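K.L.:
Sharing a structure here in structure tokens format.
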Amino acid sequence: MVKLRKLVSTLCAFALLLSALLCSAAAADVRGTQRSAFAGQTIDCKIVDATTGEEQVVYLAIPTHATADEQQAIIDAAIKDALGIPTLFYDPDTTGAFPISKKYNLGISANASVSLGSGTLDGNMSISYCEFVNHNASSGTNVTVTFRNRTQSGISNVSANISGTRVTVFVTRLQDGFPMSSGDSISVTGVSNKTFTSNVYISSI
């Protein structure tokens with residue numbers, strides 16, 4: 001009888017532990033599927049080419065139940081499409097984008113150089129880009145973004161007005177002279193004429 005009680009007690013303890021682990025895993029899954037800030041909206045996305053200075057504005061429909069990762073996949077796909085690289089718009093597996101860095105609610109002070117992010121290229125890439133997402137830039141806010149390849153001493157600059165858009169993307173390309181080899185150290189800085197905050201994502205394709 002004593003042994004039976006010990007066995008039952010052990011099984012109960014195990015059941016409680018398993019329940020706690022399952023709850024913990026469920027909570028982790030919820031955090032990993034955070035809802036998009038733009039879910040159910042159509043957002044304007046300005047794509048600025050560092051070499052030509054050309055600006056394109058595309059309008060992206062974000063599904064009602066889209067996660068933040070799915071939102072990012074849609075933006076990544078739009079960038080590829082704007083640059084003439086085919087992709088399936090809503091399929092994250094076809095965008096082939098590799099994150100370099102992410103910063104949330106980054107404060108960008110007027111007339112001061114700010115580190116927007118840095119990291120290492122995960123392979124030989126043809127495009128690197130810096131996104132200002134869900135920013136609060138006021139009218140007339142102009143930003144100059146500088147990409148640096150610290151491994152190969154490459155540099156690329158681009159400027160644009162980011163006010164009036166939900167997302168603005170600055171793009172630099174290998175074909176236009178900015179080197180992007182596997183393992184290269186990439187850093188991106190920005191200077192603005194006005195103070196604002198933004199989520200800033202830097203990625204490569």
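Simple scheme: letters A, B, ... for chains in structure tokens order, numbers from 1 for residues in each chain, numbers from 1 for ligands in the order shown.
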Would you pick out the contacts of Gly119 in chain A at 8 Å or less, using only C-alpha atoms, so that residues sharing its chain but fewer than 5 positions from it are not included, and give the list as a PyMOL selection string?

P.N.:
chain A and resi 100-101+185-187

K.L.:
Would you list the contacts of range 176-184 of chain A as a list in words, taking every protein, DNA or RNA residue within 8 Å and counting only C-alpha atoms, but skipping same-chain residues closer than 5 positions in sequence?

P.N.:
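Neighbouring residues, sequence-local ones excluded: Thr51, Thr120, Leu121, Asp122, Gly123, Asn124, Met125, Ser126, Ile127, Asn149, Arg150, Thr151, Gln152, Gly154, Ile155 and Ser156 of chain A.
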
K.L.:
Between A:Tyr104, A:Phe170, A:Tyr129, A:Phe147, which one has atoms that come closest to Asn199 in chain A, using only C-alpha atoms?

P.N.:
A:Tyr104

K.L.:
I need the alpha helix (DSSP H) residues of range 24-172 of chain A per DSSP on the backbone, written as a list of chain:residue names.

P.N.:
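After running DSSP on the backbone, range 24-172 of chain A has alpha helix (DSSP H) at A:Ser24, A:Ala25, A:Ala26, A:Ala27, A:Ala28, A:Asp29, A:Val30, A:Arg31, A:Gly32, A:Ala68, A:Asp69, A:Glu70, A:Gln71, A:Gln72, A:Ala73, A:Ile74, A:Ile75, A:Asp76, A:Ala77, A:Ala78, A:Ile79, A:Lys80, A:Asp81, A:Ala82.
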
K.L.:
Per residue of range 141-177 of chain A within 10 Å of range 52-67 of chain A, which atom pair is closest and at what distance in Å (one decimal), using only C-alpha atoms, listed by chain and increasing number, as CSV?

P.N.:
residue,atom,partner,partner_atom,distance
A:Asn157,CA,A:Gly53,CA,9.7
A:Val158,CA,A:Gly53,CA,6.9
A:Ser159,CA,A:Gly53,CA,7.7
A:Ala160,CA,A:Gly53,CA,8.3
A:Thr165,CA,A:Val57,CA,9.0
A:Val167,CA,A:Val57,CA,9.7
A:Thr168,CA,A:Val57,CA,8.9
A:Val169,CA,A:Glu55,CA,9.6
A:Phe170,CA,A:Glu55,CA,9.4
A:Val171,CA,A:Gly53,CA,9.7
A:Thr172,CA,A:Thr52,CA,9.8
A:Asp176,CA,A:Thr52,CA,9.3

K.L.:
I need the chosen residues saved as a compact mmCIF listing (two decimals), in the first residue's frame, with N, CA and C atoms.

P.N.:
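What ended up in part-v7.txt:
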# COMPACT_ATOMS: atom_id res chain seq x y z
N ASN A 157 25.37 55.26 -49.94
CA ASN A 157 24.52 56.26 -49.27
C ASN A 157 23.22 56.46 -50.04
N VAL A 158 22.14 56.74 -49.31
CA VAL A 158 20.87 57.07 -49.97
C VAL A 158 20.05 57.95 -49.02
N SER A 159 19.34 58.93 -49.59
CA SER A 159 18.51 59.84 -48.80
C SER A 159 17.09 59.84 -49.33
N ALA A 160 16.13 60.04 -48.43
CA ALA A 160 14.73 60.15 -48.85
C ALA A 160 13.90 60.73 -47.72
N THR A 165 4.52 57.83 -44.83
CA THR A 165 4.48 56.41 -45.18
C THR A 165 4.48 55.57 -43.90
N VAL A 167 5.85 52.44 -44.02
CA VAL A 167 7.12 51.72 -44.14
C VAL A 167 7.95 52.38 -45.23
N THR A 168 9.23 52.64 -44.95
CA THR A 168 10.16 53.12 -45.97
C THR A 168 11.38 52.21 -45.96
N VAL A 169 11.78 51.77 -47.16
CA VAL A 169 12.88 50.81 -47.30
C VAL A 169 13.98 51.42 -48.15
N PHE A 170 15.21 51.43 -47.62
CA PHE A 170 16.38 51.89 -48.36
C PHE A 170 17.15 50.66 -48.83
N VAL A 171 17.43 50.58 -50.14
CA VAL A 171 18.00 49.37 -50.73
C VAL A 171 19.34 49.67 -51.39
N THR A 172 20.34 48.81 -51.15
CA THR A 172 21.60 48.88 -51.90
C THR A 172 21.86 47.50 -52.50
N ASP A 176 25.33 47.13 -58.20
CA ASP A 176 25.67 48.54 -58.30
C ASP A 176 26.96 48.89 -57.55

K.L.:
So which residues touch Phe132 in chain A within 10 Å, counting only C-alpha atoms, skipping near sequence neighbours fewer than 3 positions away, as a list in words?

P.N.:
Cys45, Lys46, Lys103, Leu106, Leu116, His135, Asn136, Ala137, Ile162, Thr165, Arg166, Val167, Thr168, Val169, Phe170, Thr197, Ser198, Asn199, Val200, Tyr201 and Ile202 of chain A

K.L.:
Find the residues near range 108-114 of chain A: any atom within 10 Å, counting only C-alpha atoms, skip ones fewer than 4 places away on the same chain, and give them as a list of chain:residue names.

P.N.:
A:Ala137, A:Thr141, A:Asn142, A:Val143, A:Thr144, A:Val145, A:Thr146, A:Val188, A:Thr189, A:Gly190, A:Val191, A:Ser192, A:Asn193, A:Lys194, A:Thr195, A:Phe196, A:Thr197, A:Ser198

K.L.:
Write to file, as a compact mmCIF listing (two decimals), in the first residue's frame, the residues of the selection just made, with C-alpha atoms.

P.N.:
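The resulting file, part_33.txt, is shown below:
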# COMPACT_ATOMS: atom_id res chain seq x y z
CA ALA A 137 8.30 60.83 -38.46
CA THR A 141 11.51 64.26 -42.17
CA ASN A 142 14.44 63.42 -44.42
CA VAL A 143 16.80 60.53 -43.59
CA THR A 144 20.20 59.68 -45.07
CA VAL A 145 21.12 56.00 -44.66
CA THR A 146 24.71 54.79 -45.04
CA VAL A 188 24.15 50.78 -41.19
CA THR A 189 23.93 54.32 -39.82
CA GLY A 190 21.38 57.08 -40.32
CA VAL A 191 21.14 60.85 -40.01
CA SER A 192 17.81 62.69 -39.90
CA ASN A 193 16.89 66.36 -40.00
CA LYS A 194 14.15 65.69 -37.40
CA THR A 195 13.78 63.55 -34.29
CA PHE A 196 11.53 60.48 -34.45
CA THR A 197 11.28 56.85 -33.33
CA SER A 198 10.91 53.74 -35.45
